[in-house]
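Data file: data_22.tsv. Format and content: TSV, C-alpha atoms.
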chain	number	residue	atom	x	y	z
A	28	MET	CA	0.00	0.00	0.00
A	29	THR	CA	1.51	3.31	-0.98
A	30	ALA	CA	-0.99	5.88	0.34
A	31	PRO	CA	-1.36	5.77	4.12
A	32	HIS	CA	-4.65	4.32	5.37
A	33	PRO	CA	-7.04	7.27	5.90
A	34	GLY	CA	-7.96	5.90	9.32
A	35	LYS	CA	-4.34	5.92	10.44
A	36	ARG	CA	-4.04	9.54	9.36
A	37	VAL	CA	-7.23	10.56	11.20
A	38	LEU	CA	-6.31	8.79	14.44
A	39	GLN	CA	-2.85	10.37	14.39
A	40	SER	CA	-4.54	13.77	13.90
A	41	TYR	CA	-6.91	12.98	16.77
A	42	ILE	CA	-3.96	12.53	19.13
A	43	ASP	CA	-2.02	15.46	17.68
A	44	THR	CA	-4.88	17.97	17.92
A	45	ILE	CA	-5.68	16.92	21.51
A	46	ASN	CA	-2.05	17.23	22.57
A	47	ALA	CA	-1.82	20.62	20.79
A	48	ASN	CA	-4.99	21.86	22.58
A	49	ASP	CA	-6.52	22.45	19.13
A	50	LEU	CA	-10.27	22.07	19.79
A	51	GLU	CA	-11.40	23.26	16.34
A	52	GLY	CA	-8.92	21.01	14.58
A	53	LEU	CA	-10.11	18.10	16.70
A	54	LEU	CA	-13.82	18.70	16.01
A	55	GLY	CA	-13.03	19.01	12.30
A	56	LEU	CA	-12.07	15.32	12.25
A	57	PHE	CA	-15.66	14.26	12.94
A	58	ALA	CA	-18.58	13.97	10.51
A	59	GLU	CA	-21.49	16.22	11.33
A	60	ASP	CA	-23.69	13.22	12.25
A	61	VAL	CA	-21.00	11.28	14.13
A	62	GLU	CA	-22.06	8.70	16.73
A	63	TRP	CA	-19.65	8.80	19.65
A	64	GLU	CA	-19.46	6.31	22.53
A	65	ASP	CA	-16.71	6.79	25.12
A	66	PRO	CA	-16.40	4.53	26.97
A	67	TYR	CA	-18.32	1.83	25.13
A	68	GLY	CA	-21.51	1.06	27.11
A	69	SER	CA	-22.14	4.69	28.09
A	70	PRO	CA	-24.83	6.78	26.33
A	71	VAL	CA	-24.08	7.46	22.66
A	72	ARG	CA	-23.62	11.15	21.81
A	73	LYS	CA	-24.69	12.27	18.37
A	74	GLY	CA	-23.38	15.08	16.24
A	75	ARG	CA	-20.20	17.09	16.07
A	76	GLU	CA	-21.60	19.92	18.17
A	77	ALA	CA	-22.37	17.55	21.04
A	78	LEU	CA	-18.68	16.72	21.08
A	79	ARG	CA	-17.72	20.36	21.63
A	80	GLU	CA	-19.26	20.03	25.11
A	81	VAL	CA	-17.34	16.83	25.77
A	82	TYR	CA	-13.91	17.95	24.60
A	83	SER	CA	-13.96	21.64	25.63
A	84	PRO	CA	-13.28	20.96	29.32
A	85	LEU	CA	-10.70	18.28	28.49
A	86	ILE	CA	-8.60	20.34	26.11
A	87	GLY	CA	-5.54	21.60	27.96
A	88	SER	CA	-5.71	18.83	30.56
A	89	LEU	CA	-5.81	15.70	28.38
A	90	ASN	CA	-2.61	14.20	26.98
A	91	MET	CA	-2.31	11.05	24.92
A	92	THR	CA	0.61	8.80	23.96
A	93	LEU	CA	0.34	6.03	21.36
A	94	ASP	CA	1.10	2.48	22.52
A	95	GLY	CA	2.43	1.01	19.28
A	96	PRO	CA	1.39	1.71	15.70
A	97	ILE	CA	-2.13	2.70	14.66
A	98	ARG	CA	-3.94	-0.21	12.95
A	99	GLY	CA	-5.76	0.51	9.71
A	100	SER	CA	-8.35	-2.11	8.81
A	101	GLU	CA	-10.48	-3.04	5.86
A	102	GLY	CA	-13.91	-1.43	5.63
A	103	ASN	CA	-12.67	2.08	6.40
A	104	ARG	CA	-12.03	1.37	10.06
A	105	ALA	CA	-8.97	1.92	12.20
A	106	ALA	CA	-7.97	1.38	15.81
A	107	MET	CA	-5.27	2.53	18.18
A	108	ALA	CA	-4.05	1.72	21.67
A	109	PHE	CA	-2.82	4.57	23.82
A	110	SER	CA	-2.14	5.79	27.32
A	111	PHE	CA	-3.63	9.04	28.54
A	112	GLU	CA	-3.45	11.45	31.44
A	113	VAL	CA	-6.20	13.83	32.47
A	114	GLU	CA	-6.81	16.25	35.34
A	115	ILE	CA	-9.88	15.71	37.51
A	116	ASP	CA	-10.58	18.03	40.45
A	117	GLY	CA	-7.00	19.23	40.50
A	118	LYS	CA	-5.49	15.73	40.51
A	119	ARG	CA	-3.83	13.92	37.61
A	120	PHE	CA	-5.05	10.50	36.62
A	121	GLY	CA	-3.84	8.07	33.98
A	122	ALA	CA	-5.25	5.02	32.19
A	123	THR	CA	-4.93	3.06	28.97
A	124	ALA	CA	-7.61	2.81	26.28
A	125	ILE	CA	-8.28	1.63	22.74
A	126	ASP	CA	-10.24	3.78	20.28
A	127	VAL	CA	-11.91	2.39	17.15
A	128	VAL	CA	-13.28	4.61	14.38
A	129	SER	CA	-15.23	4.27	11.12
A	130	LEU	CA	-14.73	6.85	8.38
A	131	ASN	CA	-17.00	8.09	5.63
A	132	GLU	CA	-15.79	8.67	2.07
A	133	ALA	CA	-14.68	12.18	2.96
A	134	GLY	CA	-12.34	10.70	5.58
A	135	LEU	CA	-14.36	12.02	8.54
A	136	ILE	CA	-15.16	9.96	11.63
A	137	THR	CA	-18.75	8.64	11.58
A	138	HIS	CA	-18.47	6.19	14.48
A	139	PHE	CA	-16.18	6.45	17.47
A	140	GLN	CA	-15.95	3.87	20.25
A	141	ALA	CA	-13.53	3.89	23.15
A	142	TYR	CA	-12.66	0.80	25.17
A	143	TRP	CA	-11.57	1.46	28.74
A	144	SER	CA	-13.10	1.68	32.18
A	145	PRO	CA	-13.19	4.73	34.46
A	146	GLY	CA	-12.49	2.18	37.22
A	147	ASP	CA	-9.02	1.74	35.73
A	148	LEU	CA	-8.04	5.39	36.25
A	149	GLU	CA	-5.08	5.64	38.61
A	150	GLU	CA	-3.90	8.76	40.33
A	151	ILE	CA	-0.47	9.85	39.20
A	152	ALA	CA	1.85	10.96	42.00
A	153	SER	CA	2.97	14.53	41.43
B	8	MET	CA	-12.65	-3.11	41.08
B	9	THR	CA	-11.48	-6.25	42.84
B	10	ALA	CA	-12.47	-9.03	40.39
B	11	PRO	CA	-10.64	-8.79	37.08
B	12	HIS	CA	-12.80	-7.70	34.14
B	13	PRO	CA	-14.09	-10.91	32.45
B	14	GLY	CA	-13.08	-9.52	29.06
B	15	LYS	CA	-9.49	-9.06	30.20
B	16	ARG	CA	-9.41	-12.66	31.40
B	17	VAL	CA	-10.85	-13.97	28.12
B	18	LEU	CA	-8.48	-12.00	25.88
B	19	GLN	CA	-5.49	-13.15	27.95
B	20	SER	CA	-6.74	-16.74	27.54
B	21	TYR	CA	-7.14	-16.14	23.79
B	22	ILE	CA	-3.45	-15.24	23.51
B	23	ASP	CA	-2.33	-17.97	25.91
B	24	THR	CA	-4.23	-20.80	24.18
B	25	ILE	CA	-2.98	-19.72	20.75
B	26	ASN	CA	0.62	-19.55	21.94
B	27	ALA	CA	0.22	-22.96	23.65
B	28	ASN	CA	-1.21	-24.49	20.44
B	29	ASP	CA	-4.34	-25.41	22.42
B	30	LEU	CA	-7.08	-25.45	19.75
B	31	GLU	CA	-9.81	-26.90	22.00
B	32	GLY	CA	-9.06	-24.42	24.78
B	33	LEU	CA	-9.17	-21.61	22.24
B	34	LEU	CA	-12.51	-22.69	20.73
B	35	GLY	CA	-13.95	-23.03	24.24
B	36	LEU	CA	-13.62	-19.25	24.68
B	37	PHE	CA	-16.30	-18.61	22.03
B	38	ALA	CA	-20.08	-18.77	22.37
B	39	GLU	CA	-21.72	-21.32	20.13
B	40	ASP	CA	-23.36	-18.57	18.03
B	41	VAL	CA	-20.33	-16.26	17.92
B	42	GLU	CA	-20.04	-13.73	15.07
B	43	TRP	CA	-16.41	-13.42	14.04
B	44	GLU	CA	-14.91	-10.82	11.69
B	45	ASP	CA	-11.16	-10.87	11.13
B	46	PRO	CA	-10.13	-8.52	9.70
B	47	TYR	CA	-13.07	-6.16	10.00
B	48	GLY	CA	-14.64	-5.70	6.56
B	49	SER	CA	-14.16	-9.33	5.51
B	50	PRO	CA	-17.09	-11.79	5.52
B	51	VAL	CA	-18.49	-12.53	9.01
B	52	ARG	CA	-18.13	-16.15	10.12
B	53	LYS	CA	-20.82	-17.53	12.37
B	54	GLY	CA	-20.63	-20.25	14.98
B	55	ARG	CA	-17.87	-21.85	17.00
B	56	GLU	CA	-17.49	-24.75	14.57
B	57	ALA	CA	-16.78	-22.38	11.68
B	58	LEU	CA	-13.83	-21.12	13.72
B	59	ARG	CA	-12.31	-24.57	13.95
B	60	GLU	CA	-11.64	-24.32	10.20
B	61	VAL	CA	-10.07	-20.89	10.63
B	62	TYR	CA	-7.81	-21.62	13.57
B	63	SER	CA	-6.83	-25.25	12.83
B	64	PRO	CA	-4.27	-24.36	10.14
B	65	LEU	CA	-2.96	-21.42	12.19
B	66	ILE	CA	-2.35	-23.30	15.42
B	67	GLY	CA	1.35	-24.10	15.68
B	68	SER	CA	2.34	-21.28	13.34
B	69	LEU	CA	0.65	-18.25	14.95
B	70	ASN	CA	2.30	-16.43	17.86
B	71	MET	CA	0.98	-13.35	19.61
B	72	THR	CA	2.55	-10.80	21.97
B	73	LEU	CA	0.52	-8.18	23.85
B	74	ASP	CA	1.38	-4.53	23.18
B	75	GLY	CA	0.46	-3.05	26.56
B	76	PRO	CA	-2.35	-3.98	28.95
B	77	ILE	CA	-5.69	-5.44	27.84
B	78	ARG	CA	-8.48	-2.84	28.11
B	79	GLY	CA	-11.73	-3.89	29.78
B	80	SER	CA	-14.65	-1.64	28.95
B	81	GLU	CA	-18.18	-1.08	30.16
B	82	GLY	CA	-20.89	-3.11	28.48
B	83	ASN	CA	-19.01	-6.41	28.66
B	84	ARG	CA	-16.52	-5.49	25.96
B	85	ALA	CA	-12.75	-5.59	25.96
B	86	ALA	CA	-9.96	-4.79	23.53
B	87	MET	CA	-6.27	-5.52	23.16
B	88	ALA	CA	-3.40	-4.43	20.95
B	89	PHE	CA	-0.83	-7.03	19.97
B	90	SER	CA	1.84	-8.02	17.52
B	91	PHE	CA	1.71	-11.37	15.80
B	92	GLU	CA	3.79	-13.64	13.61
B	93	VAL	CA	2.44	-16.30	11.30
B	94	GLU	CA	3.85	-18.67	8.69
B	95	ILE	CA	2.52	-18.41	5.14
B	96	ASP	CA	3.90	-20.69	2.40
B	97	GLY	CA	7.00	-21.43	4.46
B	98	LYS	CA	7.81	-17.79	5.15
B	99	ARG	CA	7.27	-15.92	8.43
B	100	PHE	CA	5.31	-12.68	8.41
B	101	GLY	CA	4.51	-10.22	11.17
B	102	ALA	CA	1.98	-7.44	11.73
B	103	THR	CA	0.18	-5.59	14.49
B	104	ALA	CA	-3.55	-5.77	15.18
B	105	ILE	CA	-6.25	-4.83	17.65
B	106	ASP	CA	-8.99	-7.30	18.65
B	107	VAL	CA	-12.28	-6.23	20.22
B	108	VAL	CA	-14.71	-8.70	21.83
B	109	SER	CA	-18.17	-8.72	23.40
B	110	LEU	CA	-19.00	-11.33	26.03
B	111	ASN	CA	-22.26	-12.93	27.07
B	112	GLU	CA	-23.22	-13.49	30.71
B	113	ALA	CA	-21.39	-16.81	30.73
B	114	GLY	CA	-18.19	-14.95	29.83
B	115	LEU	CA	-17.99	-16.40	26.31
B	116	ILE	CA	-17.14	-14.34	23.22
B	117	THR	CA	-20.26	-13.47	21.19
B	118	HIS	CA	-18.68	-10.90	18.86
B	119	PHE	CA	-15.08	-10.76	17.72
B	120	GLN	CA	-13.64	-8.07	15.47
B	121	ALA	CA	-10.03	-7.68	14.45
B	122	TYR	CA	-8.55	-4.43	13.14
B	123	TRP	CA	-5.57	-4.82	10.85
B	124	SER	CA	-4.85	-5.09	7.17
B	125	PRO	CA	-3.26	-8.03	5.35
B	126	GLY	CA	-1.43	-5.31	3.39
B	127	ASP	CA	0.50	-4.51	6.57
B	128	LEU	CA	2.04	-7.99	6.81
B	129	GLU	CA	5.82	-7.79	6.56
B	130	GLU	CA	8.13	-10.67	5.94
B	131	ILE	CA	10.43	-11.39	8.87
B	132	ALA	CA	14.04	-12.09	7.91
B	133	SER	CA	15.08	-15.51	9.21

Would you kindly transcribe this structure into structure tokens?
Amino acid sequence: MTAPHPGKRVLQSYIDTINANDLEGLLGLFAEDVEWEDPYGSPVRKGREALREVYSPLIGSLNMTLDGPIRGSEGNRAAMAFSFEVEIDGKRFGATAIDVVSLNEAGLITHFQAYWSPGDLEEIAS
Amino acid sequence: MTAPHPGKRVLQSYIDTINANDLEGLLGLFAEDVEWEDPYGSPVRKGREALREVYSPLIGSLNMTLDGPIRGSEGNRAAMAFSFEVEIDGKRFGATAIDVVSLNEAGLITHFQAYWSPGDLEEIAS
């Protein structure tokens, strides 16, 4: 394969925009009618604008590091494993997660599912 | 959480039985009516017995190594990132993938999806 898998490119941009505190760049990765479930099993949020509410308070506090290469799959899907840190009530917590996305033909994320459990968050000693 | 997430236990057993060439132990992790899609986007196989055909020729040649901890999610799902090696026509190839599973109440895999692309297989120099 010569061209990089579009899903690999989008997931790398997802991490890069979050780490760069680039909220508009981040939201621009999602299709307008995206269905977003993070973590899997929690209520599904629908639409790019609903995600502004989710990510706004996280931007600036959330940092992500890839655990190994992003996997691009058949059927316009891709997945990545990563570690993240986030601030909650003035304390820093860390956990690991796996995100899986589907893309539309324009290369925008139509489905987003995150696999992790809030019960796995561990406080990071400062 | 005191008890380990059932999905974490099952995915660890998935890797362990494959690496131990234990076909029956491996098949025993799946529900009888499992839906199995590997890689995502290829035809879905249905039923534990259909998986015997898939895994039989791989057992003995397939080896898997976890890339970081298994993620256990809400809603009885779990995901893991790993690297694998497999023999094809006498040559060894490697790639990375992410598997996502859903479990039923008995802790058996009802849905299995793998994210990777055969185009990412790279021959391993012997």

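Atom CA of Phe119 of chain B sits 6.0 Å away from atom CA of Glu44 of chain B.
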
Need to verify the contact set: Gly68 of chain A, 12 Å, only C-alpha atoms, exclusion of same-chain residues closer than 5 positions in sequence. Can you return it as a PyMOL selection string? (chain A and resi 63+140-145) or (chain B and resi 79-85+109)

Kindly give the distance, in Å, that separates atom CA of Val93 of chain B and atom CA of Arg59 of chain B, rounded to a single decimal.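 So the answer is 17.1 Å.
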
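Here the question is which of A:Val61, A:Leu89, A:Val127, A:Leu135 gets nearest to Val37 of chain A using only C-alpha atoms, and that residue is A:Leu135.
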
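Proximity to chain B was assessed for A:Gly55, A:Gly134, A:Gly117, A:Gly95 counting only C-alpha atoms; the smallest distance is recorded for A:Gly95.
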
Hey, which of A:Thr137, A:Ser88, A:Asn131, A:Ser69 ends up closest to chain B? Count all atoms listed in the file.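 Smallest distance to chain B is found for A:Ser69.
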
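Take atom CA of Leu78 of chain A and atom CA of Leu54 of chain A: the distance between them is 7.3 Å.
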
Set the distance at 9 Å and use only C-alpha atoms: which residues neighbour Ala27 of chain B once local chain neighbours fewer than 4 positions away are removed? I'd like the list as a ChimeraX atom specification. /B:22-23,66-67,70

Output segment 65-83 of chain B with N, CA, C and O atoms present, as an mmCIF file, in the frame of the given file.
data_model
loop_
_atom_site.group_PDB
_atom_site.id
_atom_site.type_symbol
_atom_site.label_atom_id
_atom_site.label_comp_id
_atom_site.auth_asym_id
_atom_site.auth_seq_id
_atom_site.Cartn_x
_atom_site.Cartn_y
_atom_site.Cartn_z
ATOM 1 N N LEU B 65 -3.814 -22.461 11.618
ATOM 2 C CA LEU B 65 -2.960 -21.420 12.190
ATOM 3 C C LEU B 65 -2.238 -21.904 13.454
ATOM 4 O O LEU B 65 -1.138 -21.438 13.775
ATOM 5 N N ILE B 66 -2.915 -22.821 14.159
ATOM 6 C CA ILE B 66 -2.350 -23.300 15.420
ATOM 7 C C ILE B 66 -0.995 -23.973 15.149
ATOM 8 O O ILE B 66 -0.895 -24.823 14.276
ATOM 9 N N GLY B 67 -0.006 -23.559 15.887
ATOM 10 C CA GLY B 67 1.350 -24.100 15.680
ATOM 11 C C GLY B 67 2.223 -23.121 14.923
ATOM 12 O O GLY B 67 3.443 -23.139 15.055
ATOM 13 N N SER B 68 1.568 -22.240 14.134
ATOM 14 C CA SER B 68 2.340 -21.280 13.340
ATOM 15 C C SER B 68 2.138 -19.849 13.834
ATOM 16 O O SER B 68 2.980 -18.977 13.639
ATOM 17 N N LEU B 69 1.000 -19.605 14.512
ATOM 18 C CA LEU B 69 0.650 -18.250 14.950
ATOM 19 C C LEU B 69 1.168 -17.990 16.364
ATOM 20 O O LEU B 69 0.974 -18.811 17.257
ATOM 21 N N ASN B 70 1.842 -16.852 16.536
ATOM 22 C CA ASN B 70 2.300 -16.430 17.860
ATOM 23 C C ASN B 70 1.933 -14.987 18.091
ATOM 24 O O ASN B 70 2.085 -14.157 17.191
ATOM 25 N N MET B 71 1.464 -14.690 19.304
ATOM 26 C CA MET B 71 0.980 -13.350 19.610
ATOM 27 C C MET B 71 1.688 -12.792 20.844
ATOM 28 O O MET B 71 1.958 -13.518 21.792
ATOM 29 N N THR B 72 1.956 -11.490 20.823
ATOM 30 C CA THR B 72 2.550 -10.800 21.970
ATOM 31 C C THR B 72 1.746 -9.540 22.244
ATOM 32 O O THR B 72 1.536 -8.730 21.335
ATOM 33 N N LEU B 73 1.285 -9.378 23.473
ATOM 34 C CA LEU B 73 0.520 -8.180 23.850
ATOM 35 C C LEU B 73 1.370 -6.931 23.708
ATOM 36 O O LEU B 73 2.534 -6.908 24.102
ATOM 37 N N ASP B 74 0.758 -5.856 23.172
ATOM 38 C CA ASP B 74 1.380 -4.530 23.180
ATOM 39 C C ASP B 74 0.660 -3.701 24.251
ATOM 40 O O ASP B 74 -0.326 -3.019 23.960
ATOM 41 N N GLY B 75 1.102 -3.802 25.475
ATOM 42 C CA GLY B 75 0.460 -3.050 26.560
ATOM 43 C C GLY B 75 -0.700 -3.820 27.168
ATOM 44 O O GLY B 75 -1.055 -4.900 26.692
ATOM 45 N N PRO B 76 -1.298 -3.261 28.232
ATOM 46 C CA PRO B 76 -2.350 -3.980 28.950
ATOM 47 C C PRO B 76 -3.630 -4.144 28.137
ATOM 48 O O PRO B 76 -3.954 -3.323 27.283
ATOM 49 N N ILE B 77 -4.360 -5.228 28.416
ATOM 50 C CA ILE B 77 -5.690 -5.440 27.840
ATOM 51 C C ILE B 77 -6.641 -4.411 28.453
ATOM 52 O O ILE B 77 -6.581 -4.134 29.643
ATOM 53 N N ARG B 78 -7.509 -3.821 27.629
ATOM 54 C CA ARG B 78 -8.480 -2.840 28.110
ATOM 55 C C ARG B 78 -9.829 -3.511 28.308
ATOM 56 O O ARG B 78 -10.373 -4.099 27.361
ATOM 57 N N GLY B 79 -10.379 -3.398 29.505
ATOM 58 C CA GLY B 79 -11.730 -3.890 29.780
ATOM 59 C C GLY B 79 -12.665 -2.705 29.827
ATOM 60 O O GLY B 79 -12.400 -1.732 30.521
ATOM 61 N N SER B 80 -13.751 -2.781 29.057
ATOM 62 C CA SER B 80 -14.650 -1.640 28.950
ATOM 63 C C SER B 80 -15.975 -1.941 29.626
ATOM 64 O O SER B 80 -16.255 -3.071 30.023
ATOM 65 N N GLU B 81 -16.785 -0.920 29.762
ATOM 66 C CA GLU B 81 -18.180 -1.080 30.160
ATOM 67 C C GLU B 81 -18.847 -1.973 29.119
ATOM 68 O O GLU B 81 -18.324 -2.212 28.055
ATOM 69 N N GLY B 82 -20.060 -2.410 29.459
ATOM 70 C CA GLY B 82 -20.890 -3.110 28.480
ATOM 71 C C GLY B 82 -20.304 -4.438 28.045
ATOM 72 O O GLY B 82 -20.532 -4.891 26.924
ATOM 73 N N ASN B 83 -19.522 -5.067 28.938
ATOM 74 C CA ASN B 83 -19.010 -6.410 28.660
ATOM 75 C C ASN B 83 -18.169 -6.491 27.396
ATOM 76 O O ASN B 83 -18.216 -7.480 26.668
#
